[in-house]
Amino acid sequence: MPNTTPHASSSTTPITTPITEDLVHGALDLEHTAQGVLPHRLPTRARAQNTDPQLAMAEAQSSGVRLVFRTRATSVELDSLPTKRAYVGAPPRPDGIYDLLVDGRQAGQGIVRGGNTITVDMAAGTAETRPGPFGTLRFTGLPDHPKVVEIWLPHNETTELVALRTDAPVEPVPLRARGRRIWLHHGSSISHGSDAASPTAIWPALAASLGGVELINLGLAGGALLDPFTARAMRDTPADLISVKIGINLVNTDLMRLRAFGPAVHGFLDTIRDGHPTTPLLVVSPIHCPMHEDTPGPTALDLGTMDAGRLRFQAMGAPAERAAGKLTLNVIREELSRIVRQRSADDPNIRLLDGRELYGESDYAELPLPDQLHPDAATHRRMGERFAELAFTAPEPLFPNQGGPDEGGPDEV
């Protein structure tokens, strides 16, 4: 990994480039802070309507967000202020990883130490914030020729961008400049990245790389709850391909009953269609998760495992509660199948992907979910490879090989 230290002045005078929206891909908004800019994955209006601290945390984490620019620089420095989280009684979380890509290929990784720390006590329901300094990420020895540089920010940390310095000028690379289609994806913590190895190794990022598309990732840990403001954000975001992964968070939170679920899905999809009337739209049902296949939520952290230094979740509902309309993963899969069949009569561009094709019962036997809920790094890779094949590279892919932005819809980035 490259050297990462607290900020120190360089012996030469590098070029400092302001970090503006045209350099940041994968974010829907940049908030100006006392330190610099903070990428957000939900726009200002959506954030104003949100009252959930979990969602506020998730959307401010930079899953899928990257700095992208063209340069012949051989040295790149990024000052950033991370906000890390620690949990009382749980093992220390590793520092978030930054991935460096040069002309689309992995060229390095790094971390930024220090920053702010939020210590959460799950048992007491409290959180304490300790401020810290920003640090500097350095990549040196890059090839001395014009190239596209991407710095993918940690998917599991809040990252304020303070300053970008290089030893040669940089210029932005518009999202459509490389001729790739834009894939807008929404899902839960599994899409956010959960326990993936690095930001380019979360399953949507890997699938986007294999499929040759540009990712905008609205995987929102704990926040895939059919919120209308999220649907409106997707409606207003330019995209050539759209996918919505629905299910596990609705069970985790025990948020609604079957009577409300169907209309809520229709409303969410209707809002997306208001801005993207003909864009290929893929509805993805939940992956296999044994504890909630036929047992409703809510989901709770097993505090006893934290005493042993492990994280493990458990289902708090009972299978008999399905009769009262409580949701399970199998109930959700059946309802999503019915909804997509119904809508496809008037919408030829909507498709369904059963999430168990990405990770099913046999996969669980080989690669179990370590905490009973989230995939590990190997499973992220398997899911990304499978999604890429099914959606992009199969002889009859779920996303067609041709197609651009909707006529009359949002088509500029």
# chains A, B, ... in the order shown; residues from 1 in each chain; ligands from 1
$ select_by_dssp --residues "range 48-229 of chain A" --states "helix (DSSP H, G or I)" --output "PyMOL selection string"
chain A and resi 48-49+53-60+189-192+199-201+203-211+228-229
$ residues_around --residues "range 311-325 of chain A" --least-positions-apart "5" --cutoff "9 Å" --atoms "only C-alpha atoms" --output "number ranges by chain"
A: 90-91, 252, 254, 256-259, 291-292, 294-306, 331, 370-373
$ residues_around --residues "range 169-181 of chain A" --least-positions-apart "2" --cutoff "8 Å" --atoms "only C-alpha atoms" --output "PyMOL selection string"
chain A and resi 15+17+22-23+25+68-73+148+166-167+183+212-214+239-241+404+413
$ closest_atom_pairs --of "range 15-104 of chain A" --to "range 112-135 of chain A" --cutoff "9 Å" --atoms "only C-alpha atoms" --output "JSON lines"
{"residue": "A:Gln35", "atom": "CA", "partner": "A:Phe134", "partner_atom": "CA", "distance": 8.7}
{"residue": "A:Leu78", "atom": "CA", "partner": "A:Gly135", "partner_atom": "CA", "distance": 8.3}
{"residue": "A:Asp79", "atom": "CA", "partner": "A:Gly135", "partner_atom": "CA", "distance": 5.6}
{"residue": "A:Ser80", "atom": "CA", "partner": "A:Phe134", "partner_atom": "CA", "distance": 5.5}
{"residue": "A:Leu81", "atom": "CA", "partner": "A:Phe134", "partner_atom": "CA", "distance": 4.2}
{"residue": "A:Pro82", "atom": "CA", "partner": "A:Gly115", "partner_atom": "CA", "distance": 4.9}
{"residue": "A:Thr83", "atom": "CA", "partner": "A:Asn116", "partner_atom": "CA", "distance": 4.5}
{"residue": "A:Lys84", "atom": "CA", "partner": "A:Thr117", "partner_atom": "CA", "distance": 4.8}
{"residue": "A:Arg85", "atom": "CA", "partner": "A:Ile118", "partner_atom": "CA", "distance": 4.8}
{"residue": "A:Ala86", "atom": "CA", "partner": "A:Thr119", "partner_atom": "CA", "distance": 4.7}
{"residue": "A:Tyr87", "atom": "CA", "partner": "A:Val120", "partner_atom": "CA", "distance": 4.8}
{"residue": "A:Val88", "atom": "CA", "partner": "A:Asp121", "partner_atom": "CA", "distance": 5.1}
{"residue": "A:Gly89", "atom": "CA", "partner": "A:Asp121", "partner_atom": "CA", "distance": 8.1}
{"residue": "A:Asp95", "atom": "CA", "partner": "A:Arg113", "partner_atom": "CA", "distance": 7.0}
{"residue": "A:Gly96", "atom": "CA", "partner": "A:Val112", "partner_atom": "CA", "distance": 7.5}
{"residue": "A:Ile97", "atom": "CA", "partner": "A:Val112", "partner_atom": "CA", "distance": 8.0}
{"residue": "A:Tyr98", "atom": "CA", "partner": "A:Val112", "partner_atom": "CA", "distance": 8.3}
$ write_last_selection --atoms "N, CA, C and O atoms" --output "PDB file, in the first residue's frame"
ATOM      1  N   GLN A  35     -14.073  21.506   6.143  1.00  0.00           N
ATOM      2  CA  GLN A  35     -12.822  20.907   5.690  1.00  0.00           C
ATOM      3  C   GLN A  35     -12.699  20.886   4.177  1.00  0.00           C
ATOM      4  O   GLN A  35     -11.597  21.027   3.638  1.00  0.00           O
ATOM      5  N   LEU A  78      -4.114  12.884  -2.101  1.00  0.00           N
ATOM      6  CA  LEU A  78      -5.472  13.255  -1.727  1.00  0.00           C
ATOM      7  C   LEU A  78      -5.534  13.423  -0.219  1.00  0.00           C
ATOM      8  O   LEU A  78      -5.257  12.485   0.531  1.00  0.00           O
ATOM      9  N   ASP A  79      -5.880  14.627   0.230  1.00  0.00           N
ATOM     10  CA  ASP A  79      -6.161  14.850   1.645  1.00  0.00           C
ATOM     11  C   ASP A  79      -7.629  14.521   1.894  1.00  0.00           C
ATOM     12  O   ASP A  79      -8.511  15.008   1.163  1.00  0.00           O
ATOM     13  N   SER A  80      -7.897  13.718   2.894  1.00  0.00           N
ATOM     14  CA  SER A  80      -9.284  13.379   3.211  1.00  0.00           C
ATOM     15  C   SER A  80      -9.468  13.266   4.711  1.00  0.00           C
ATOM     16  O   SER A  80      -8.519  12.981   5.456  1.00  0.00           O
ATOM     17  N   LEU A  81     -10.696  13.507   5.137  1.00  0.00           N
ATOM     18  CA  LEU A  81     -11.059  13.382   6.546  1.00  0.00           C
ATOM     19  C   LEU A  81     -12.076  12.258   6.672  1.00  0.00           C
ATOM     20  O   LEU A  81     -13.258  12.450   6.377  1.00  0.00           O
ATOM     21  N   PRO A  82     -11.641  11.069   7.075  1.00  0.00           N
ATOM     22  CA  PRO A  82     -12.592   9.970   7.247  1.00  0.00           C
ATOM     23  C   PRO A  82     -13.333  10.081   8.570  1.00  0.00           C
ATOM     24  O   PRO A  82     -12.830  10.658   9.537  1.00  0.00           O
ATOM     25  N   THR A  83     -14.529   9.550   8.590  1.00  0.00           N
ATOM     26  CA  THR A  83     -15.245   9.338   9.846  1.00  0.00           C
ATOM     27  C   THR A  83     -15.446   7.843   9.990  1.00  0.00           C
ATOM     28  O   THR A  83     -16.144   7.211   9.197  1.00  0.00           O
ATOM     29  N   LYS A  84     -14.782   7.266  10.996  1.00  0.00           N
ATOM     30  CA  LYS A  84     -14.802   5.825  11.211  1.00  0.00           C
ATOM     31  C   LYS A  84     -15.750   5.501  12.356  1.00  0.00           C
ATOM     32  O   LYS A  84     -16.034   6.348  13.204  1.00  0.00           O
ATOM     33  N   ARG A  85     -16.198   4.258  12.383  1.00  0.00           N
ATOM     34  CA  ARG A  85     -17.113   3.824  13.443  1.00  0.00           C
ATOM     35  C   ARG A  85     -16.511   2.663  14.204  1.00  0.00           C
ATOM     36  O   ARG A  85     -15.885   1.776  13.627  1.00  0.00           O
ATOM     37  N   ALA A  86     -16.712   2.713  15.523  1.00  0.00           N
ATOM     38  CA  ALA A  86     -16.298   1.618  16.407  1.00  0.00           C
ATOM     39  C   ALA A  86     -17.500   1.232  17.242  1.00  0.00           C
ATOM     40  O   ALA A  86     -18.343   2.074  17.570  1.00  0.00           O
ATOM     41  N   TYR A  87     -17.577  -0.052  17.584  1.00  0.00           N
ATOM     42  CA  TYR A  87     -18.715  -0.565  18.340  1.00  0.00           C
ATOM     43  C   TYR A  87     -18.214  -1.193  19.633  1.00  0.00           C
ATOM     44  O   TYR A  87     -17.332  -2.057  19.609  1.00  0.00           O
ATOM     45  N   VAL A  88     -18.775  -0.727  20.748  1.00  0.00           N
ATOM     46  CA  VAL A  88     -18.380  -1.234  22.053  1.00  0.00           C
ATOM     47  C   VAL A  88     -18.622  -2.738  22.110  1.00  0.00           C
ATOM     48  O   VAL A  88     -19.714  -3.225  21.795  1.00  0.00           O
ATOM     49  N   GLY A  89     -17.591  -3.495  22.488  1.00  0.00           N
ATOM     50  CA  GLY A  89     -17.716  -4.936  22.603  1.00  0.00           C
ATOM     51  C   GLY A  89     -17.450  -5.702  21.336  1.00  0.00           C
ATOM     52  O   GLY A  89     -17.354  -6.936  21.365  1.00  0.00           O
ATOM     53  N   ASP A  95      -9.412   0.012   8.888  1.00  0.00           N
ATOM     54  CA  ASP A  95      -9.495   1.278   8.169  1.00  0.00           C
ATOM     55  C   ASP A  95     -10.058   1.037   6.771  1.00  0.00           C
ATOM     56  O   ASP A  95      -9.781   0.019   6.127  1.00  0.00           O
ATOM     57  N   GLY A  96     -10.829   2.008   6.297  1.00  0.00           N
ATOM     58  CA  GLY A  96     -11.377   1.909   4.951  1.00  0.00           C
ATOM     59  C   GLY A  96     -10.286   1.950   3.899  1.00  0.00           C
ATOM     60  O   GLY A  96      -9.264   2.640   4.053  1.00  0.00           O
ATOM     61  N   ILE A  97     -10.494   1.232   2.819  1.00  0.00           N
ATOM     62  CA  ILE A  97      -9.502   1.115   1.754  1.00  0.00           C
ATOM     63  C   ILE A  97      -9.884   2.014   0.579  1.00  0.00           C
ATOM     64  O   ILE A  97     -11.050   2.108   0.201  1.00  0.00           O
ATOM     65  N   TYR A  98      -8.877   2.674   0.027  1.00  0.00           N
ATOM     66  CA  TYR A  98      -9.002   3.433  -1.217  1.00  0.00           C
ATOM     67  C   TYR A  98      -8.400   2.578  -2.334  1.00  0.00           C
ATOM     68  O   TYR A  98      -7.273   2.083  -2.206  1.00  0.00           O
TER      69      TYR A  98
END
$ closest_residue --among "A:Gly64, A:Pro53, A:Gly108, A:Pro290" --to "His40 in chain A" --atoms "only C-alpha atoms"
A:Gly64
$ closest_residue --among "A:Ala377, A:Leu206, A:Ile350, A:Ala48" --to "Asp270 in chain A" --atoms "only C-alpha atoms"
A:Ile350
$ residues_around --residues "range 271-273 of chain A" --least-positions-apart "2" --cutoff "9 Å" --atoms "only C-alpha atoms" --output "PyMOL selection string"
chain A and resi 228+231-236+266-269+275-279+281
$ decode --residues "range 155-181 of chain A" --atoms "N, CA, C and O atoms" --output "PDB file, in the first residue's frame"
ATOM      1  N   HIS A 155     -15.950   2.333   0.831  1.00  0.00           N
ATOM      2  CA  HIS A 155     -17.404   2.159   0.750  1.00  0.00           C
ATOM      3  C   HIS A 155     -18.063   2.179   2.115  1.00  0.00           C
ATOM      4  O   HIS A 155     -19.275   2.368   2.207  1.00  0.00           O
ATOM      5  N   ASN A 156     -17.263   2.014   3.177  1.00  0.00           N
ATOM      6  CA  ASN A 156     -17.828   1.852   4.513  1.00  0.00           C
ATOM      7  C   ASN A 156     -17.401   2.957   5.481  1.00  0.00           C
ATOM      8  O   ASN A 156     -17.446   2.780   6.690  1.00  0.00           O
ATOM      9  N   GLU A 157     -16.956   4.091   4.943  1.00  0.00           N
ATOM     10  CA  GLU A 157     -16.610   5.251   5.754  1.00  0.00           C
ATOM     11  C   GLU A 157     -17.206   6.505   5.131  1.00  0.00           C
ATOM     12  O   GLU A 157     -17.367   6.587   3.916  1.00  0.00           O
ATOM     13  N   THR A 158     -17.493   7.481   5.965  1.00  0.00           N
ATOM     14  CA  THR A 158     -17.794   8.823   5.477  1.00  0.00           C
ATOM     15  C   THR A 158     -16.466   9.504   5.171  1.00  0.00           C
ATOM     16  O   THR A 158     -15.548   9.490   5.988  1.00  0.00           O
ATOM     17  N   THR A 159     -16.356  10.081   3.983  1.00  0.00           N
ATOM     18  CA  THR A 159     -15.080  10.626   3.541  1.00  0.00           C
ATOM     19  C   THR A 159     -15.267  12.052   3.049  1.00  0.00           C
ATOM     20  O   THR A 159     -15.885  12.281   2.006  1.00  0.00           O
ATOM     21  N   GLU A 160     -14.746  13.007   3.805  1.00  0.00           N
ATOM     22  CA  GLU A 160     -14.708  14.390   3.339  1.00  0.00           C
ATOM     23  C   GLU A 160     -13.434  14.586   2.525  1.00  0.00           C
ATOM     24  O   GLU A 160     -12.345  14.213   2.955  1.00  0.00           O
ATOM     25  N   LEU A 161     -13.582  15.154   1.348  1.00  0.00           N
ATOM     26  CA  LEU A 161     -12.459  15.378   0.445  1.00  0.00           C
ATOM     27  C   LEU A 161     -11.923  16.781   0.681  1.00  0.00           C
ATOM     28  O   LEU A 161     -12.646  17.772   0.537  1.00  0.00           O
ATOM     29  N   VAL A 162     -10.657  16.861   1.054  1.00  0.00           N
ATOM     30  CA  VAL A 162     -10.069  18.138   1.481  1.00  0.00           C
ATOM     31  C   VAL A 162      -9.269  18.787   0.359  1.00  0.00           C
ATOM     32  O   VAL A 162      -9.427  19.969   0.065  1.00  0.00           O
ATOM     33  N   ALA A 163      -8.381  18.036  -0.284  1.00  0.00           N
ATOM     34  CA  ALA A 163      -7.535  18.636  -1.323  1.00  0.00           C
ATOM     35  C   ALA A 163      -6.991  17.543  -2.230  1.00  0.00           C
ATOM     36  O   ALA A 163      -6.717  16.420  -1.785  1.00  0.00           O
ATOM     37  N   LEU A 164      -6.819  17.883  -3.499  1.00  0.00           N
ATOM     38  CA  LEU A 164      -6.231  16.992  -4.494  1.00  0.00           C
ATOM     39  C   LEU A 164      -5.007  17.680  -5.082  1.00  0.00           C
ATOM     40  O   LEU A 164      -5.090  18.803  -5.585  1.00  0.00           O
ATOM     41  N   ARG A 165      -3.855  16.997  -5.004  1.00  0.00           N
ATOM     42  CA  ARG A 165      -2.610  17.548  -5.530  1.00  0.00           C
ATOM     43  C   ARG A 165      -1.966  16.547  -6.478  1.00  0.00           C
ATOM     44  O   ARG A 165      -1.947  15.338  -6.204  1.00  0.00           O
ATOM     45  N   THR A 166      -1.405  17.062  -7.566  1.00  0.00           N
ATOM     46  CA  THR A 166      -0.721  16.232  -8.549  1.00  0.00           C
ATOM     47  C   THR A 166       0.504  16.980  -9.057  1.00  0.00           C
ATOM     48  O   THR A 166       0.640  18.198  -8.867  1.00  0.00           O
ATOM     49  N   ASP A 167       1.387  16.245  -9.736  1.00  0.00           N
ATOM     50  CA  ASP A 167       2.571  16.891 -10.303  1.00  0.00           C
ATOM     51  C   ASP A 167       2.385  17.205 -11.786  1.00  0.00           C
ATOM     52  O   ASP A 167       3.361  17.483 -12.495  1.00  0.00           O
ATOM     53  N   ALA A 168       1.144  17.145 -12.259  1.00  0.00           N
ATOM     54  CA  ALA A 168       0.794  17.552 -13.624  1.00  0.00           C
ATOM     55  C   ALA A 168      -0.680  17.930 -13.608  1.00  0.00           C
ATOM     56  O   ALA A 168      -1.433  17.497 -12.726  1.00  0.00           O
ATOM     57  N   PRO A 169      -1.120  18.763 -14.563  1.00  0.00           N
ATOM     58  CA  PRO A 169      -2.527  19.176 -14.556  1.00  0.00           C
ATOM     59  C   PRO A 169      -3.479  17.991 -14.711  1.00  0.00           C
ATOM     60  O   PRO A 169      -3.125  16.937 -15.252  1.00  0.00           O
ATOM     61  N   VAL A 170      -4.708  18.196 -14.237  1.00  0.00           N
ATOM     62  CA  VAL A 170      -5.746  17.187 -14.390  1.00  0.00           C
ATOM     63  C   VAL A 170      -6.927  17.825 -15.102  1.00  0.00           C
ATOM     64  O   VAL A 170      -7.131  19.045 -15.066  1.00  0.00           O
ATOM     65  N   GLU A 171      -7.706  16.999 -15.768  1.00  0.00           N
ATOM     66  CA  GLU A 171      -8.948  17.460 -16.386  1.00  0.00           C
ATOM     67  C   GLU A 171     -10.034  16.430 -16.109  1.00  0.00           C
ATOM     68  O   GLU A 171      -9.762  15.222 -16.019  1.00  0.00           O
ATOM     69  N   PRO A 172     -11.275  16.877 -15.940  1.00  0.00           N
ATOM     70  CA  PRO A 172     -12.362  15.934 -15.632  1.00  0.00           C
ATOM     71  C   PRO A 172     -12.659  15.018 -16.805  1.00  0.00           C
ATOM     72  O   PRO A 172     -12.381  15.344 -17.963  1.00  0.00           O
ATOM     73  N   VAL A 173     -13.235  13.868 -16.477  1.00  0.00           N
ATOM     74  CA  VAL A 173     -13.698  12.907 -17.475  1.00  0.00           C
ATOM     75  C   VAL A 173     -15.204  12.761 -17.277  1.00  0.00           C
ATOM     76  O   VAL A 173     -15.638  12.129 -16.309  1.00  0.00           O
ATOM     77  N   PRO A 174     -16.022  13.360 -18.136  1.00  0.00           N
ATOM     78  CA  PRO A 174     -17.474  13.244 -17.955  1.00  0.00           C
ATOM     79  C   PRO A 174     -17.910  11.784 -17.886  1.00  0.00           C
ATOM     80  O   PRO A 174     -17.289  10.890 -18.478  1.00  0.00           O
ATOM     81  N   LEU A 175     -19.006  11.546 -17.153  1.00  0.00           N
ATOM     82  CA  LEU A 175     -19.444  10.173 -16.906  1.00  0.00           C
ATOM     83  C   LEU A 175     -19.688   9.408 -18.197  1.00  0.00           C
ATOM     84  O   LEU A 175     -19.455   8.203 -18.269  1.00  0.00           O
ATOM     85  N   ARG A 176     -20.152  10.094 -19.227  1.00  0.00           N
ATOM     86  CA  ARG A 176     -20.428   9.415 -20.500  1.00  0.00           C
ATOM     87  C   ARG A 176     -19.247   9.466 -21.465  1.00  0.00           C
ATOM     88  O   ARG A 176     -19.345   8.945 -22.572  1.00  0.00           O
ATOM     89  N   ALA A 177     -18.136  10.062 -21.060  1.00  0.00           N
ATOM     90  CA  ALA A 177     -17.050  10.316 -22.009  1.00  0.00           C
ATOM     91  C   ALA A 177     -16.451   9.038 -22.576  1.00  0.00           C
ATOM     92  O   ALA A 177     -15.943   9.026 -23.699  1.00  0.00           O
ATOM     93  N   ARG A 178     -16.479   7.959 -21.807  1.00  0.00           N
ATOM     94  CA  ARG A 178     -15.847   6.716 -22.260  1.00  0.00           C
ATOM     95  C   ARG A 178     -16.820   5.795 -22.986  1.00  0.00           C
ATOM     96  O   ARG A 178     -16.518   4.635 -23.263  1.00  0.00           O
ATOM     97  N   GLY A 179     -18.006   6.333 -23.312  1.00  0.00           N
ATOM     98  CA  GLY A 179     -18.962   5.576 -24.129  1.00  0.00           C
ATOM     99  C   GLY A 179     -19.656   4.445 -23.396  1.00  0.00           C
ATOM    100  O   GLY A 179     -20.219   3.549 -24.025  1.00  0.00           O
ATOM    101  N   ARG A 180     -19.638   4.476 -22.065  1.00  0.00           N
ATOM    102  CA  ARG A 180     -20.272   3.404 -21.299  1.00  0.00           C
ATOM    103  C   ARG A 180     -21.671   3.822 -20.863  1.00  0.00           C
ATOM    104  O   ARG A 180     -21.935   4.993 -20.594  1.00  0.00           O
ATOM    105  N   ARG A 181     -22.550   2.849 -20.783  1.00  0.00           N
ATOM    106  CA  ARG A 181     -23.883   3.121 -20.259  1.00  0.00           C
ATOM    107  C   ARG A 181     -23.820   3.318 -18.749  1.00  0.00           C
ATOM    108  O   ARG A 181     -22.940   2.787 -18.071  1.00  0.00           O
TER     109      ARG A 181
END
